[in-house]
>>> print(open('protein04.pdb').read())   # PDB, C-alpha atoms
ATOM      1  CA  MET A   1      10.605   1.893 -12.582
ATOM      2  CA  ALA A   2      11.769   5.465 -12.201
ATOM      3  CA  ASP A   3       8.745   6.558 -10.173
ATOM      4  CA  SER A   4       9.042   3.858  -7.523
ATOM      5  CA  LYS A   5      11.503   2.948  -4.798
ATOM      6  CA  LEU A   6      12.653  -0.512  -3.742
ATOM      7  CA  MET A   7      12.796  -0.960   0.020
ATOM      8  CA  THR A   8      14.317  -3.871   1.953
ATOM      9  CA  LEU A   9      12.936  -4.641   5.414
ATOM     10  CA  PHE A  10      14.239  -6.872   8.189
ATOM     11  CA  HIS A  11      11.984  -9.259  10.105
ATOM     12  CA  GLY A  12       9.680  -7.252  12.370
ATOM     13  CA  GLU A  13      10.516  -3.907  10.765
ATOM     14  CA  ALA A  14       7.495  -1.642  10.237
ATOM     15  CA  LEU A  15       6.577  -0.438   6.767
ATOM     16  CA  PHE A  16       4.015   1.944   8.294
ATOM     17  CA  HIS A  17       2.181   2.432  11.599
ATOM     18  CA  ALA A  18      -1.482   3.020  12.380
ATOM     19  CA  GLY A  19      -2.253   6.731  12.216
ATOM     20  CA  GLN A  20       0.405   7.605   9.631
ATOM     21  CA  GLN A  21      -0.686   9.308   6.426
ATOM     22  CA  ALA A  22      -1.127   6.860   3.525
ATOM     23  CA  THR A  23       1.269   8.459   1.048
ATOM     24  CA  HIS A  24       2.401   5.293  -0.783
ATOM     25  CA  PHE A  25       1.003   2.010  -1.966
ATOM     26  CA  PHE A  26       3.119  -1.130  -2.169
ATOM     27  CA  LEU A  27       3.994  -4.222  -4.197
ATOM     28  CA  VAL A  28       5.665  -7.052  -2.285
ATOM     29  CA  THR A  29       8.493  -8.374  -4.453
ATOM     30  CA  ARG A  30       9.980 -10.821  -1.951
ATOM     31  CA  GLY A  31       8.924 -12.060   1.459
ATOM     32  CA  CYS A  32       5.752 -11.192   3.318
ATOM     33  CA  VAL A  33       4.104  -8.175   4.950
ATOM     34  CA  ALA A  34       1.712  -8.808   7.852
ATOM     35  CA  ILE A  35      -1.008  -6.296   8.687
ATOM     36  CA  ILE A  36      -1.323  -6.172  12.470
ATOM     37  CA  ASP A  37      -4.141  -4.792  14.651
ATOM     38  CA  GLN A  38      -3.556  -1.665  16.705
ATOM     39  CA  ALA A  39      -2.779  -3.664  19.837
ATOM     40  CA  GLY A  40      -0.047  -5.477  17.929
ATOM     41  CA  LEU A  41      -1.475  -8.864  18.859
ATOM     42  CA  GLY A  42      -3.612 -10.015  15.942
ATOM     43  CA  ARG A  43      -2.661 -10.586  12.332
ATOM     44  CA  MET A  44      -5.428  -9.197  10.155
ATOM     45  CA  ARG A  45      -4.000  -9.977   6.695
ATOM     46  CA  GLU A  46      -0.798 -10.982   4.925
ATOM     47  CA  PHE A  47       0.578  -9.915   1.561
ATOM     48  CA  GLY A  48       3.155 -12.068  -0.204
ATOM     49  CA  ALA A  49       5.274 -11.812  -3.334
ATOM     50  CA  ASN A  50       3.528 -10.146  -6.292
ATOM     51  CA  GLU A  51       0.681  -8.786  -4.151
ATOM     52  CA  LEU A  52      -0.238  -5.099  -4.277
ATOM     53  CA  PHE A  53      -1.800  -3.279  -1.328
ATOM     54  CA  GLY A  54      -2.639   0.193  -0.021
ATOM     55  CA  ILE A  55      -4.423   1.644  -3.046
ATOM     56  CA  PRO A  56      -7.807   2.292  -1.334
ATOM     57  CA  GLU A  57      -6.141   4.123   1.552
ATOM     58  CA  VAL A  58      -4.061   6.258  -0.809
ATOM     59  CA  LEU A  59      -7.099   7.020  -2.994
ATOM     60  CA  ALA A  60      -9.024   8.081   0.109
ATOM     61  CA  ARG A  61      -6.101  10.349   1.088
ATOM     62  CA  GLY A  62      -6.450   8.875   4.537
ATOM     63  CA  THR A  63      -4.310   7.390   7.259
ATOM     64  CA  TRP A  64      -3.393   3.778   7.888
ATOM     65  CA  ASP A  65      -5.791   2.091  10.320
ATOM     66  CA  LEU A  66      -3.349  -0.728  11.072
ATOM     67  CA  THR A  67       0.396  -1.422  11.131
ATOM     68  CA  ALA A  68       2.391  -3.324   8.495
ATOM     69  CA  LEU A  69       5.355  -5.454   9.606
ATOM     70  CA  ALA A  70       7.845  -7.493   7.597
ATOM     71  CA  GLU A  71       7.664 -11.235   8.200
ATOM     72  CA  GLY A  72      11.233 -12.327   7.584
ATOM     73  CA  PRO A  73      13.476 -10.530   5.077
ATOM     74  CA  THR A  74      11.107  -8.657   2.763
ATOM     75  CA  THR A  75      11.434  -6.386  -0.239
ATOM     76  CA  VAL A  76       8.647  -4.052  -1.356
ATOM     77  CA  ARG A  77       8.352  -1.575  -4.187
ATOM     78  CA  MET A  78       6.863   1.743  -3.013
ATOM     79  CA  PHE A  79       4.736   3.876  -5.341
ATOM     80  CA  SER A  80       3.829   7.434  -4.388
ATOM     81  CA  ALA A  81       0.303   8.748  -4.186
ATOM     82  CA  GLU A  82       1.218  11.233  -6.922
ATOM     83  CA  ARG A  83       1.909   8.333  -9.281
ATOM     84  CA  LEU A  84      -1.537   6.899  -8.592
ATOM     85  CA  PHE A  85      -3.281  10.225  -9.111
ATOM     86  CA  THR A  86      -1.352  10.808 -12.352
ATOM     87  CA  SER A  87      -2.484   7.383 -13.570
ATOM     88  CA  LEU A  88      -6.074   8.234 -12.661
ATOM     89  CA  GLY A  89      -5.810  11.421 -14.692
ATOM     90  CA  GLU A  90      -4.735   9.401 -17.724
ATOM     91  CA  MET A  91      -7.577   6.847 -17.441
ATOM     92  CA  PRO A  92     -10.946   7.000 -19.124
ATOM     93  CA  GLU A  93     -13.352   8.804 -16.774
ATOM     94  CA  ARG A  94     -15.434   5.650 -16.223
ATOM     95  CA  HIS A  95     -12.434   3.780 -14.802
ATOM     96  CA  ALA A  96     -11.244   6.694 -12.695
ATOM     97  CA  SER A  97     -14.759   7.172 -11.291
ATOM     98  CA  PHE A  98     -14.912   3.493 -10.349
ATOM     99  CA  LEU A  99     -11.622   3.724  -8.454
ATOM    100  CA  ARG A 100     -12.724   6.888  -6.647
ATOM    101  CA  ASN A 101     -15.869   5.062  -5.512
ATOM    102  CA  VAL A 102     -13.718   2.184  -4.248
ATOM    103  CA  ALA A 103     -11.729   4.730  -2.237
ATOM    104  CA  LEU A 104     -14.887   5.999  -0.573
ATOM    105  CA  MET A 105     -15.403   2.487   0.802
ATOM    106  CA  ALA A 106     -11.926   2.383   2.379
TER     107      ALA A 106
END
>>> encode(input="protein04.pdb", output="structure tokens")
Amino acid sequence: MADSKLMTLFHGEALFHAGQQATHFFLVTRGCVAIIDQAGLGRMREFGANELFGIPEVLARGTWDLTALAEGPTTVRMFSAERLFTSLGEMPERHASFLRNVALMA
């Protein structure tokens, strides 16, 4: 995919930190990404191979509330916010409106 970037992470490497701007959403292609609370102590959620995450935060044009860390060797495909907004522009208005409402809940 020309509009995405493949990124390889080592165990414990951060994909993003709480407070950073949500400029990309992600697809885990191999391994696992753990979403960690701000104190770094509690695991809130995990995303494994073939799971997509980060779309609501990107749609909301917000910042990440939590931190994402690789659990073991992990590969993710990064998609830019611009790609998402271009896709929204190409959707029927009903679908785009639904996704914008989802973003308001993020």
>>> closest_residue(input="protein04.pdb", among="A:Arg77, A:Thr23, A:Ala18, A:Ile35", to="Ala60 in chain A", atoms="only C-alpha atoms")
A:Thr23
>>> residues_near_point(input="protein04.pdb", point="(0.6, -3.9, 10.4)", cutoff="8 Å", atoms="all atoms listed in the file", output="JSON list (two decimals) with C-alpha atoms, keeping the file's coordinate frame")
[["chain", "number", "residue", "atom", "x", "y", "z"],
["A", 14, "ALA", "CA", 7.50, -1.64, 10.24],
["A", 15, "LEU", "CA", 6.58, -0.44, 6.77],
["A", 16, "PHE", "CA", 4.01, 1.94, 8.29],
["A", 17, "HIS", "CA", 2.18, 2.43, 11.60],
["A", 18, "ALA", "CA", -1.48, 3.02, 12.38],
["A", 33, "VAL", "CA", 4.10, -8.18, 4.95],
["A", 34, "ALA", "CA", 1.71, -8.81, 7.85],
["A", 35, "ILE", "CA", -1.01, -6.30, 8.69],
["A", 36, "ILE", "CA", -1.32, -6.17, 12.47],
["A", 37, "ASP", "CA", -4.14, -4.79, 14.65],
["A", 38, "GLN", "CA", -3.56, -1.66, 16.70],
["A", 40, "GLY", "CA", -0.05, -5.48, 17.93],
["A", 43, "ARG", "CA", -2.66, -10.59, 12.33],
["A", 66, "LEU", "CA", -3.35, -0.73, 11.07],
["A", 67, "THR", "CA", 0.40, -1.42, 11.13],
["A", 68, "ALA", "CA", 2.39, -3.32, 8.49],
["A", 69, "LEU", "CA", 5.36, -5.45, 9.61]]
>>> closest_residue(input="protein04.pdb", among="A:Leu52, A:Met44, A:Leu9, A:Leu27", to="Met78 in chain A", atoms="only C-alpha atoms")
A:Leu27
>>> atom_distance(input="protein04.pdb", atom1="CA of Phe26 in chain A", atom2="CA of Glu46 in chain A")
12.8 Å
>>> resolve_selection(input="protein04.pdb", expression="the PyMOL selection byres ((chain A and resi 64) around 6)", output="VMD selection string")
chain A and resid 18 to 20 22 63 65 to 66
>>> resolve_selection(input="protein04.pdb", expression="the PyMOL selection byres ((chain A and resi 5) around 12)", output="MDAnalysis selection string")
chainID A and resid 1:4 6:8 24:29 75:80 83
>>> closest_residue(input="protein04.pdb", among="A:Gly72, A:His11, A:Ala39, A:Ser97", to="Leu59 in chain A", atoms="all atoms listed in the file")
A:Ser97
>>> atom_distance(input="protein04.pdb", atom1="CA of Arg94 in chain A", atom2="CA of Glu51 in chain A")
24.8 Å
>>> atom_distance(input="protein04.pdb", atom1="CA of Gly54 in chain A", atom2="CA of Ala70 in chain A")
15.1 Å
>>> axis_aligned_box(input="protein04.pdb", around="range 16-29 of chain A", padding_each_side="8 Å", output="lines of an AutoDock Vina configuration file")
center_x = 3.1
center_y = 0.5
center_z = 4.0
size_x = 26.7
size_y = 33.7
size_z = 32.8
>>> closest_residue(input="protein04.pdb", among="A:Arg30, A:Glu82, A:Gly12, A:Glu93", to="Ile55 in chain A", atoms="only C-alpha atoms")
A:Glu82
>>> residues_around(input="protein04.pdb", residues="Gly31 in chain A", least_positions_apart="4", cutoff="7 Å", atoms="only C-alpha atoms", output="ChimeraX atom specification")
/A:48-49,71-75
>>> write_last_selection(input="protein04.pdb", atoms="C-alpha atoms", output="PDB file, in the coordinates of the input")
ATOM      1  CA  GLY A  48       3.155 -12.068  -0.204  1.00  0.00           C
ATOM      2  CA  ALA A  49       5.274 -11.812  -3.334  1.00  0.00           C
ATOM      3  CA  GLU A  71       7.664 -11.235   8.200  1.00  0.00           C
ATOM      4  CA  GLY A  72      11.233 -12.327   7.584  1.00  0.00           C
ATOM      5  CA  PRO A  73      13.476 -10.530   5.077  1.00  0.00           C
ATOM      6  CA  THR A  74      11.107  -8.657   2.763  1.00  0.00           C
ATOM      7  CA  THR A  75      11.434  -6.386  -0.239  1.00  0.00           C
TER       8      THR A  75
END
>>> decode(input="protein04.pdb", residues="range 26-41 of chain A", atoms="N, CA, C and O atoms", output="PDB file, in the first residue's frame")
ATOM      1  N   PHE A  26      -3.560   2.405  12.993  1.00  0.00           N
ATOM      2  CA  PHE A  26      -2.648   1.280  12.844  1.00  0.00           C
ATOM      3  C   PHE A  26      -3.361  -0.046  12.611  1.00  0.00           C
ATOM      4  O   PHE A  26      -4.449  -0.270  13.126  1.00  0.00           O
ATOM      5  N   LEU A  27      -2.677  -0.923  11.869  1.00  0.00           N
ATOM      6  CA  LEU A  27      -3.089  -2.311  11.685  1.00  0.00           C
ATOM      7  C   LEU A  27      -1.921  -3.174  12.148  1.00  0.00           C
ATOM      8  O   LEU A  27      -0.808  -3.043  11.617  1.00  0.00           O
ATOM      9  N   VAL A  28      -2.155  -4.028  13.133  1.00  0.00           N
ATOM     10  CA  VAL A  28      -1.110  -4.935  13.596  1.00  0.00           C
ATOM     11  C   VAL A  28      -1.014  -6.064  12.575  1.00  0.00           C
ATOM     12  O   VAL A  28      -2.008  -6.720  12.275  1.00  0.00           O
ATOM     13  N   THR A  29       0.165  -6.265  12.019  1.00  0.00           N
ATOM     14  CA  THR A  29       0.351  -7.341  11.044  1.00  0.00           C
ATOM     15  C   THR A  29       1.036  -8.561  11.654  1.00  0.00           C
ATOM     16  O   THR A  29       0.866  -9.666  11.161  1.00  0.00           O
ATOM     17  N   ARG A  30       1.789  -8.322  12.731  1.00  0.00           N
ATOM     18  CA  ARG A  30       2.461  -9.425  13.424  1.00  0.00           C
ATOM     19  C   ARG A  30       2.740  -8.986  14.842  1.00  0.00           C
ATOM     20  O   ARG A  30       3.114  -7.845  15.092  1.00  0.00           O
ATOM     21  N   GLY A  31       2.535  -9.875  15.791  1.00  0.00           N
ATOM     22  CA  GLY A  31       2.817  -9.566  17.183  1.00  0.00           C
ATOM     23  C   GLY A  31       1.622  -8.981  17.900  1.00  0.00           C
ATOM     24  O   GLY A  31       0.479  -9.269  17.568  1.00  0.00           O
ATOM     25  N   CYS A  32       1.915  -8.115  18.870  1.00  0.00           N
ATOM     26  CA  CYS A  32       0.862  -7.578  19.734  1.00  0.00           C
ATOM     27  C   CYS A  32       1.248  -6.178  20.220  1.00  0.00           C
ATOM     28  O   CYS A  32       2.411  -5.912  20.520  1.00  0.00           O
ATOM     29  N   VAL A  33       0.252  -5.307  20.299  1.00  0.00           N
ATOM     30  CA  VAL A  33       0.432  -3.969  20.858  1.00  0.00           C
ATOM     31  C   VAL A  33      -0.439  -3.872  22.109  1.00  0.00           C
ATOM     32  O   VAL A  33      -1.638  -4.151  22.057  1.00  0.00           O
ATOM     33  N   ALA A  34       0.166  -3.514  23.230  1.00  0.00           N
ATOM     34  CA  ALA A  34      -0.556  -3.342  24.488  1.00  0.00           C
ATOM     35  C   ALA A  34      -0.789  -1.854  24.722  1.00  0.00           C
ATOM     36  O   ALA A  34       0.121  -1.042  24.552  1.00  0.00           O
ATOM     37  N   ILE A  35      -2.005  -1.521  25.108  1.00  0.00           N
ATOM     38  CA  ILE A  35      -2.346  -0.144  25.472  1.00  0.00           C
ATOM     39  C   ILE A  35      -2.249  -0.057  26.986  1.00  0.00           C
ATOM     40  O   ILE A  35      -2.934  -0.788  27.706  1.00  0.00           O
ATOM     41  N   ILE A  36      -1.379   0.828  27.453  1.00  0.00           N
ATOM     42  CA  ILE A  36      -1.007   0.916  28.863  1.00  0.00           C
ATOM     43  C   ILE A  36      -1.532   2.216  29.470  1.00  0.00           C
ATOM     44  O   ILE A  36      -1.501   3.265  28.823  1.00  0.00           O
ATOM     45  N   ASP A  37      -1.967   2.162  30.732  1.00  0.00           N
ATOM     46  CA  ASP A  37      -2.446   3.379  31.407  1.00  0.00           C
ATOM     47  C   ASP A  37      -1.315   4.387  31.578  1.00  0.00           C
ATOM     48  O   ASP A  37      -0.145   4.069  31.359  1.00  0.00           O
ATOM     49  N   GLN A  38      -1.673   5.594  31.962  1.00  0.00           N
ATOM     50  CA  GLN A  38      -0.680   6.669  32.031  1.00  0.00           C
ATOM     51  C   GLN A  38       0.407   6.411  33.062  1.00  0.00           C
ATOM     52  O   GLN A  38       1.524   6.887  32.914  1.00  0.00           O
ATOM     53  N   ALA A  39       0.102   5.639  34.091  1.00  0.00           N
ATOM     54  CA  ALA A  39       1.114   5.320  35.092  1.00  0.00           C
ATOM     55  C   ALA A  39       2.069   4.235  34.602  1.00  0.00           C
ATOM     56  O   ALA A  39       3.106   4.005  35.203  1.00  0.00           O
ATOM     57  N   GLY A  40       1.698   3.582  33.502  1.00  0.00           N
ATOM     58  CA  GLY A  40       2.541   2.531  32.953  1.00  0.00           C
ATOM     59  C   GLY A  40       2.414   1.208  33.677  1.00  0.00           C
ATOM     60  O   GLY A  40       3.214   0.306  33.483  1.00  0.00           O
ATOM     61  N   LEU A  41       1.397   1.082  34.515  1.00  0.00           N
ATOM     62  CA  LEU A  41       1.256  -0.123  35.335  1.00  0.00           C
ATOM     63  C   LEU A  41       0.176  -1.077  34.844  1.00  0.00           C
ATOM     64  O   LEU A  41       0.300  -2.283  34.992  1.00  0.00           O
TER      65      LEU A  41
END
